[in-house]
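Structure file work-v1.cif (mmCIF, C-alpha atoms) follows.
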```cif
data_upload
loop_
_atom_site.group_PDB
_atom_site.id
_atom_site.type_symbol
_atom_site.label_atom_id
_atom_site.label_comp_id
_atom_site.auth_asym_id
_atom_site.auth_seq_id
_atom_site.Cartn_x
_atom_site.Cartn_y
_atom_site.Cartn_z
ATOM 1 C CA MET Y 1 130.900 113.695 117.935
ATOM 2 C CA GLU Y 2 129.473 116.821 119.540
ATOM 3 C CA GLU Y 3 128.528 118.322 116.177
ATOM 4 C CA SER Y 4 126.602 115.157 115.272
ATOM 5 C CA ARG Y 5 124.845 115.229 118.625
ATOM 6 C CA VAL Y 6 123.794 118.857 118.123
ATOM 7 C CA LEU Y 7 122.556 118.211 114.576
ATOM 8 C CA LEU Y 8 120.538 115.195 115.673
ATOM 9 C CA GLN Y 9 118.923 117.221 118.453
ATOM 10 C CA ARG Y 10 118.122 120.040 116.020
ATOM 11 C CA ASP Y 11 116.359 117.677 113.622
ATOM 12 C CA GLY Y 12 114.476 115.867 116.374
ATOM 13 C CA LEU Y 13 116.524 112.707 115.897
ATOM 14 C CA GLY Y 14 118.326 112.943 119.239
ATOM 15 C CA GLY Y 15 115.465 111.399 121.179
ATOM 16 C CA LEU Y 16 114.930 108.791 118.486
ATOM 17 C CA PHE Y 17 118.624 107.843 118.581
ATOM 18 C CA THR Y 18 118.257 107.062 122.297
ATOM 19 C CA VAL Y 19 115.342 104.756 121.483
ATOM 20 C CA LEU Y 20 117.303 103.074 118.681
ATOM 21 C CA ARG Y 21 120.093 102.146 121.079
ATOM 22 C CA GLN Y 22 117.935 99.263 122.359
ATOM 23 C CA GLY Y 23 116.974 96.471 119.985
ATOM 24 C CA VAL Y 24 117.238 96.117 116.217
ATOM 25 C CA TYR Y 25 114.802 97.742 113.799
ATOM 26 C CA HIS Y 26 113.326 97.163 110.383
ATOM 27 C CA LEU Y 27 112.443 100.428 108.641
ATOM 28 C CA THR Y 28 109.595 100.571 106.166
ATOM 29 C CA SER Y 29 106.909 102.782 104.636
ATOM 30 C CA VAL Y 30 103.179 102.765 105.370
ATOM 31 C CA GLN Y 31 102.671 100.642 102.252
ATOM 32 C CA GLY Y 32 105.437 98.285 103.334
ATOM 33 C CA TYR Y 33 103.933 97.886 106.791
ATOM 34 C CA THR Y 34 100.548 97.034 105.267
ATOM 35 C CA GLY Y 35 102.188 94.283 103.230
ATOM 36 C CA ILE Y 36 104.039 92.939 106.267
ATOM 37 C CA ARG Y 37 100.819 92.727 108.276
ATOM 38 C CA ARG Y 38 99.101 90.983 105.380
ATOM 39 C CA ASP Y 39 101.907 88.452 104.880
ATOM 40 C CA ARG Y 40 102.729 88.177 108.620
ATOM 41 C CA TYR Y 41 106.420 88.234 107.684
ATOM 42 C CA ILE Y 42 109.077 90.800 106.878
ATOM 43 C CA LYS Y 43 110.426 89.611 103.568
ATOM 44 C CA PRO Y 44 113.580 90.734 101.730
ATOM 45 C CA ASN Y 45 113.162 93.182 98.861
ATOM 46 C CA ASP Y 46 113.643 91.040 95.789
ATOM 47 C CA GLY Y 47 113.166 94.033 93.518
ATOM 48 C CA SER Y 48 109.371 93.997 93.643
ATOM 49 C CA PHE Y 49 109.321 96.924 96.124
ATOM 50 C CA PRO Y 50 110.398 100.465 95.162
ATOM 51 C CA ASN Y 51 114.020 101.369 95.941
ATOM 52 C CA THR Y 52 114.489 103.864 98.756
ATOM 53 C CA TYR Y 53 117.634 105.062 96.981
ATOM 54 C CA PRO Y 54 118.925 104.261 93.449
ATOM 55 C CA GLN Y 55 121.991 102.469 94.862
ATOM 56 C CA SER Y 56 119.741 100.085 96.808
ATOM 57 C CA ALA Y 57 119.643 97.850 93.746
ATOM 58 C CA ASN Y 58 123.343 97.129 94.365
ATOM 59 C CA SER Y 59 123.035 96.645 98.101
ATOM 60 C CA TYR Y 60 124.484 93.703 100.004
ATOM 61 C CA GLY Y 61 121.068 92.744 101.363
ATOM 62 C CA ARG Y 62 119.382 92.838 97.947
ATOM 63 C CA HIS Y 63 122.158 90.805 96.319
ATOM 64 C CA HIS Y 64 121.861 88.029 98.912
ATOM 65 C CA GLY Y 65 118.107 88.131 99.470
ATOM 66 C CA TYR Y 66 118.502 89.225 103.107
ATOM 67 C CA VAL Y 67 116.247 91.382 105.298
ATOM 68 C CA SER Y 68 118.072 94.616 106.178
ATOM 69 C CA LEU Y 69 117.918 95.871 109.759
ATOM 70 C CA PHE Y 70 119.341 98.765 111.753
ATOM 71 C CA ASP Y 71 121.421 97.836 114.793
ATOM 72 C CA PHE Y 72 122.409 100.872 116.860
ATOM 73 C CA GLU Y 73 122.717 98.725 119.970
ATOM 74 C CA SER Y 74 125.977 96.929 119.158
ATOM 75 C CA PRO Y 75 128.207 99.745 117.769
ATOM 76 C CA THR Y 76 129.711 102.402 119.988
ATOM 77 C CA GLU Y 77 128.084 105.820 120.037
ATOM 78 C CA GLU Y 78 131.118 107.175 118.210
ATOM 79 C CA GLN Y 79 130.744 104.611 115.410
ATOM 80 C CA CYS Y 80 127.067 105.543 115.048
ATOM 81 C CA PHE Y 81 127.780 109.263 114.928
ATOM 82 C CA LEU Y 82 130.640 108.922 112.446
ATOM 83 C CA GLN Y 83 128.183 107.344 109.990
ATOM 84 C CA ARG Y 84 125.339 109.787 110.737
ATOM 85 C CA SER Y 85 125.216 111.219 107.209
ATOM 86 C CA LYS Y 86 124.701 107.715 105.797
ATOM 87 C CA TRP Y 87 121.725 106.722 107.967
ATOM 88 C CA GLU Y 88 119.832 109.774 109.201
ATOM 89 C CA GLY Y 89 117.991 110.368 105.914
ATOM 90 C CA PHE Y 90 116.300 106.968 106.081
ATOM 91 C CA PHE Y 91 114.249 108.024 109.104
ATOM 92 C CA THR Y 92 112.567 110.932 107.335
ATOM 93 C CA ARG Y 93 112.445 109.475 103.831
ATOM 94 C CA HIS Y 94 108.892 108.156 103.738
ATOM 95 C CA LYS Y 95 105.693 110.168 103.501
ATOM 96 C CA PRO Y 96 103.313 110.459 105.233
ATOM 97 C CA ALA Y 97 105.232 108.482 107.869
ATOM 98 C CA THR Y 98 108.109 106.105 108.461
ATOM 99 C CA VAL Y 99 107.474 102.887 110.378
ATOM 100 C CA LEU Y 100 110.063 101.156 112.560
ATOM 101 C CA ILE Y 101 109.468 97.596 113.740
ATOM 102 C CA ARG Y 102 111.578 96.678 116.769
ATOM 103 C CA PHE Y 103 112.993 93.252 117.590
ATOM 104 C CA ASN Y 104 114.907 91.884 120.530
ATOM 105 C CA ARG Y 105 118.437 91.444 119.204
ATOM 106 C CA GLY Y 106 118.928 88.301 121.266
ATOM 107 C CA GLN Y 107 116.048 86.556 119.507
ATOM 108 C CA LEU Y 108 117.696 87.032 116.116
ATOM 109 C CA ALA Y 109 121.334 86.988 117.197
ATOM 110 C CA SER Y 110 122.162 83.414 116.205
ATOM 111 C CA GLU Y 111 121.574 84.202 112.515
ATOM 112 C CA LEU Y 112 122.237 87.944 112.304
ATOM 113 C CA ILE Y 113 124.925 88.886 109.794
ATOM 114 C CA SER Y 114 127.030 91.787 111.030
ATOM 115 C CA TYR Y 115 128.687 94.522 109.006
ATOM 116 C CA GLU Y 116 132.062 93.005 109.882
ATOM 117 C CA CYS Y 117 130.985 89.623 108.454
ATOM 118 C CA ALA Y 118 129.735 91.302 105.290
ATOM 119 C CA ILE Y 119 133.070 93.079 104.850
ATOM 120 C CA LYS Y 120 134.946 89.797 105.236
ATOM 121 C CA GLU Y 121 132.750 88.246 102.564
ATOM 122 C CA VAL Y 122 132.594 90.951 99.870
ATOM 123 C CA GLY Y 123 134.921 93.716 101.025
ATOM 124 C CA PHE Y 124 133.652 97.191 100.254
ATOM 125 C CA ARG Y 125 131.721 96.128 97.183
ATOM 126 C CA MET Y 126 127.934 96.510 97.372
ATOM 127 C CA MET Y 127 126.100 99.132 99.383
ATOM 128 C CA LYS Y 128 126.298 98.726 103.172
ATOM 129 C CA ILE Y 129 125.929 101.234 106.004
ATOM 130 C CA PRO Y 130 129.028 100.789 108.171
ATOM 131 C CA HIS Y 131 128.473 99.420 111.685
ATOM 132 C CA VAL Y 132 124.729 100.171 111.991
ATOM 133 C CA GLU Y 133 123.326 97.892 109.278
ATOM 134 C CA VAL Y 134 122.902 94.154 109.849
ATOM 135 C CA TRP Y 135 121.040 91.472 107.907
ATOM 136 C CA TYR Y 136 118.818 88.480 108.562
ATOM 137 C CA PRO Y 137 119.029 85.636 106.029
ATOM 138 C CA LYS Y 138 115.338 84.707 105.907
ATOM 139 C CA PRO Y 139 111.890 86.265 106.407
ATOM 140 C CA ILE Y 140 111.217 87.469 109.963
ATOM 141 C CA PRO Y 141 107.818 86.628 111.492
ATOM 142 C CA PHE Y 142 105.967 89.788 112.495
ATOM 143 C CA SER Y 143 105.055 87.950 115.706
ATOM 144 C CA TYR Y 144 108.694 88.429 116.796
ATOM 145 C CA ALA Y 145 108.176 92.212 116.977
ATOM 146 C CA THR Y 146 108.539 93.778 120.423
ATOM 147 C CA GLY Y 147 107.357 97.281 119.508
ATOM 148 C CA LEU Y 148 106.800 99.870 116.813
ATOM 149 C CA VAL Y 149 107.757 103.490 116.245
ATOM 150 C CA LEU Y 150 105.764 105.894 114.084
ATOM 151 C CA ILE Y 151 107.794 108.831 112.732
ATOM 152 C CA THR Y 152 106.127 111.852 111.119
ATOM 153 C CA PRO Y 153 108.500 113.879 108.896
ATOM 154 C CA THR Y 154 107.851 117.286 110.412
ATOM 155 C CA LYS Y 155 110.722 119.669 111.159
ATOM 156 C CA PRO Y 156 111.825 118.677 113.738
ATOM 157 C CA ILE Y 157 110.482 115.154 113.434
ATOM 158 C CA ARG Y 158 107.903 113.732 115.823
ATOM 159 C CA PHE Y 159 107.765 110.108 116.837
ATOM 160 C CA GLU Y 160 105.677 107.880 119.070
ATOM 161 C CA ILE Y 161 106.408 104.424 120.470
ATOM 162 C CA PHE Y 162 103.862 101.605 120.615
ATOM 163 C CA ASP Y 163 103.817 98.167 122.205
ATOM 164 C CA SER Y 164 103.344 95.167 119.939
ATOM 165 C CA ASP Y 165 100.510 93.598 121.937
ATOM 166 C CA GLU Y 166 96.951 93.700 120.591
ATOM 167 C CA GLU Y 167 96.110 97.014 122.238
ATOM 168 C CA GLY Y 168 99.356 98.616 121.112
ATOM 169 C CA LEU Y 169 98.870 97.475 117.533
ATOM 170 C CA GLN Y 170 95.327 98.852 117.490
ATOM 171 C CA ARG Y 171 96.562 102.228 118.739
ATOM 172 C CA PHE Y 172 99.416 102.198 116.244
ATOM 173 C CA GLU Y 173 97.197 101.413 113.298
ATOM 174 C CA ARG Y 174 94.684 104.129 114.270
ATOM 175 C CA LYS Y 175 97.535 106.630 114.247
ATOM 176 C CA LEU Y 176 98.849 105.232 110.993
ATOM 177 C CA GLU Y 177 95.453 105.634 109.383
ATOM 178 C CA ALA Y 178 95.220 109.216 110.632
ATOM 179 C CA ALA Y 179 98.703 110.006 109.317
ATOM 180 C CA SER Y 180 97.856 108.460 105.953
ATOM 181 C CA GLU Y 181 94.934 110.855 105.559
ATOM 182 C CA LEU Y 182 97.299 113.803 105.751
ATOM 183 C CA ASN Y 183 99.586 114.997 103.003
ATOM 184 C CA ILE Y 184 102.470 115.989 105.278
ATOM 185 C CA GLN Y 185 104.430 117.733 102.532
ATOM 186 C CA GLY Y 186 101.620 120.031 101.441
ATOM 187 C CA ASP Y 187 99.329 119.860 104.420
ATOM 188 C CA THR Y 188 97.978 122.937 106.127
ATOM 189 C CA GLU Y 189 99.579 123.796 109.441
ATOM 190 C CA SER Y 190 96.253 123.494 111.237
ATOM 191 C CA LYS Y 191 95.664 119.909 110.099
ATOM 192 C CA LEU Y 192 99.176 118.863 111.056
ATOM 193 C CA ALA Y 193 98.886 120.559 114.441
ATOM 194 C CA SER Y 194 95.574 118.784 115.002
ATOM 195 C CA PHE Y 195 97.149 115.417 114.231
ATOM 196 C CA LEU Y 196 100.065 116.036 116.585
ATOM 197 C CA ARG Y 197 97.661 117.135 119.341
ATOM 198 C CA SER Y 198 95.761 113.864 118.892
ATOM 199 C CA VAL Y 199 99.041 111.966 119.399
ATOM 200 C CA THR Y 200 99.635 113.851 122.641
ATOM 201 C CA ARG Y 201 96.077 113.284 123.869
ATOM 202 C CA ASP Y 202 96.317 109.575 123.144
ATOM 203 C CA LYS Y 203 99.516 109.293 125.152
ATOM 204 C CA HIS Y 204 97.690 110.551 128.246
ATOM 205 C CA SER Y 205 94.398 108.715 127.691
#
```

Would you write the structure of this file as structure tokens?
Amino acid sequence: MEESRVLLQRDGLGGLFTVLRQGVYHLTSVQGYTGIRRDRYIKPNDGSFPNTYPQSANSYGRHHGYVSLFDFESPTEEQCFLQRSKWEGFFTRHKPATVLIRFNRGQLASELISYECAIKEVGFRMMKIPHVEVWYPKPIPFSYATGLVLITPTKPIRFEIFDSDEEGLQRFERKLEAASELNIQGDTESKLASFLRSVTRDKHS
């Protein structure tokens, strides 16, 4: 437990983990977010989107046509930390940024499929992240979103939280556009520092 806590703090994920403990989240790339805004729904990956990992093709969500979500709110902290190695890489996977779309768990609860239900159905076949992954059986309207998180894959990571109202979405999409103009992996330190300073300035404006 303590080792996981220290490692999360080192990588900048400690603060993000605290945020994740409220609500459920859909994780996507910049390209994925653009498609969601265009369609106005979060749709399951039917194979037309790139796989985040090779084993995603054999995932429980893909097999059933479900939308995959992260739920760090329901499990205990110990359950979350015990599975840290299985989920932490998702939050720094995408370049130039990872997008999290937050939902109120109560709004989806009546149809959410828990890890425990998935185990009862298919056992340990098919890829599932124990305890922290849940699924929704149909497309989720973007209008249900209660907030967004923009994660830049620096070391340690940086993240910023946005409301899902009109003003919040405008701020988020300005930041997203700025992040998209940067090649985080090969970017010069000065450009990255400038971008991060703009995030800080915007927080206080």

To verify the selection step, state as number ranges by chain which residues the PyMOL selection byres ((chain Y and resi 14-22) around 10) yields on this input.
Y: 4-13, 23-25, 70-77, 80-81, 88, 91, 100, 102-105, 149, 151, 157-161

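The smallest atom-to-atom distance between Y:Gly32 and any of Y:Gly123, Y:Gly65, Y:Pro156, Y:Pro44, using only C-alpha atoms, is found for Y:Pro44.
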
Take every atom of stretch 135-154 of chain Y listed in the file, fit an axis-aligned box around them, add 3 Å per side, and give the centre and edge lengths in Å to one decimal as JSON.
```
{"center_x": 113.0, "center_y": 101.0, "center_z": 113.2, "size_x": 22.0, "size_y": 38.6, "size_z": 20.5}
```

What is the atom CA of Y:Gln31-atom CA of Y:Gln170 distance in Å, reported with one decimal?
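So the two atoms, atom CA of Y:Gln31 and atom CA of Y:Gln170, lie 17.0 Å apart.
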
Computed interatomic separation between atom CA of Y:Pro130 and atom CA of Y:Glu78 (Å):
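Between atom CA of Y:Pro130 and atom CA of Y:Glu78 the gap is 12.1 Å.
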
Residue among Y:Ser59, Y:Ser164, Y:Thr98, Y:Ser143 lying closest to Y:Tyr33, counting all atoms listed in the file:
Y:Thr98

Between atom CA of Y:Met127 and atom CA of Y:Arg38, measure the distance and give it in Å to one decimal.
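Taking atom CA of Y:Met127 and atom CA of Y:Arg38, their separation equals 28.8 Å.
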
So, with all atoms listed in the file as the atoms that count, which of Y:Phe124, Y:Tyr144, Y:Lys43, Y:Gln79 lies closest to Y:Gly106?
Y:Tyr144

Nearest to Y:Leu69 among Y:Ser114, Y:Gln83, Y:Ser29, Y:Thr34, with distances taken over only C-alpha atoms: which residue is it?
Y:Ser114

Could you spell out the hits of the PyMOL selection byres ((chain Y and resi 140) around 12) on the shown file, as an mmCIF file with C-alpha atoms, in the coordinates of the input?
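Once everything was written out, this is selection18.cif:
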```
data_model
loop_
_atom_site.group_PDB
_atom_site.id
_atom_site.type_symbol
_atom_site.label_atom_id
_atom_site.label_comp_id
_atom_site.auth_asym_id
_atom_site.auth_seq_id
_atom_site.Cartn_x
_atom_site.Cartn_y
_atom_site.Cartn_z
ATOM 1 C CA TYR Y 25 114.802 97.742 113.799
ATOM 2 C CA HIS Y 26 113.326 97.163 110.383
ATOM 3 C CA ILE Y 36 104.039 92.939 106.267
ATOM 4 C CA ARG Y 37 100.819 92.727 108.276
ATOM 5 C CA ASP Y 39 101.907 88.452 104.880
ATOM 6 C CA ARG Y 40 102.729 88.177 108.620
ATOM 7 C CA TYR Y 41 106.420 88.234 107.684
ATOM 8 C CA ILE Y 42 109.077 90.800 106.878
ATOM 9 C CA LYS Y 43 110.426 89.611 103.568
ATOM 10 C CA PRO Y 44 113.580 90.734 101.730
ATOM 11 C CA TYR Y 66 118.502 89.225 103.107
ATOM 12 C CA VAL Y 67 116.247 91.382 105.298
ATOM 13 C CA SER Y 68 118.072 94.616 106.178
ATOM 14 C CA LEU Y 69 117.918 95.871 109.759
ATOM 15 C CA ILE Y 101 109.468 97.596 113.740
ATOM 16 C CA ARG Y 102 111.578 96.678 116.769
ATOM 17 C CA PHE Y 103 112.993 93.252 117.590
ATOM 18 C CA GLN Y 107 116.048 86.556 119.507
ATOM 19 C CA LEU Y 108 117.696 87.032 116.116
ATOM 20 C CA GLU Y 111 121.574 84.202 112.515
ATOM 21 C CA LEU Y 112 122.237 87.944 112.304
ATOM 22 C CA TRP Y 135 121.040 91.472 107.907
ATOM 23 C CA TYR Y 136 118.818 88.480 108.562
ATOM 24 C CA PRO Y 137 119.029 85.636 106.029
ATOM 25 C CA LYS Y 138 115.338 84.707 105.907
ATOM 26 C CA PRO Y 139 111.890 86.265 106.407
ATOM 27 C CA PRO Y 141 107.818 86.628 111.492
ATOM 28 C CA PHE Y 142 105.967 89.788 112.495
ATOM 29 C CA SER Y 143 105.055 87.950 115.706
ATOM 30 C CA TYR Y 144 108.694 88.429 116.796
ATOM 31 C CA ALA Y 145 108.176 92.212 116.977
#
```

Minimum-distance residue to Y:Glu2, chosen among Y:Val134, Y:Leu150, Y:Leu82, Y:Ala179 (using all atoms listed in the file)
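Closest to Y:Glu2, using all atoms listed in the file: Y:Leu82.
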
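The nearest approach to Y:Pro96 among the residues Y:Glu177, Y:Glu3, Y:Asp165, Y:Glu133, with only C-alpha atoms taken into account, belongs to Y:Glu177.
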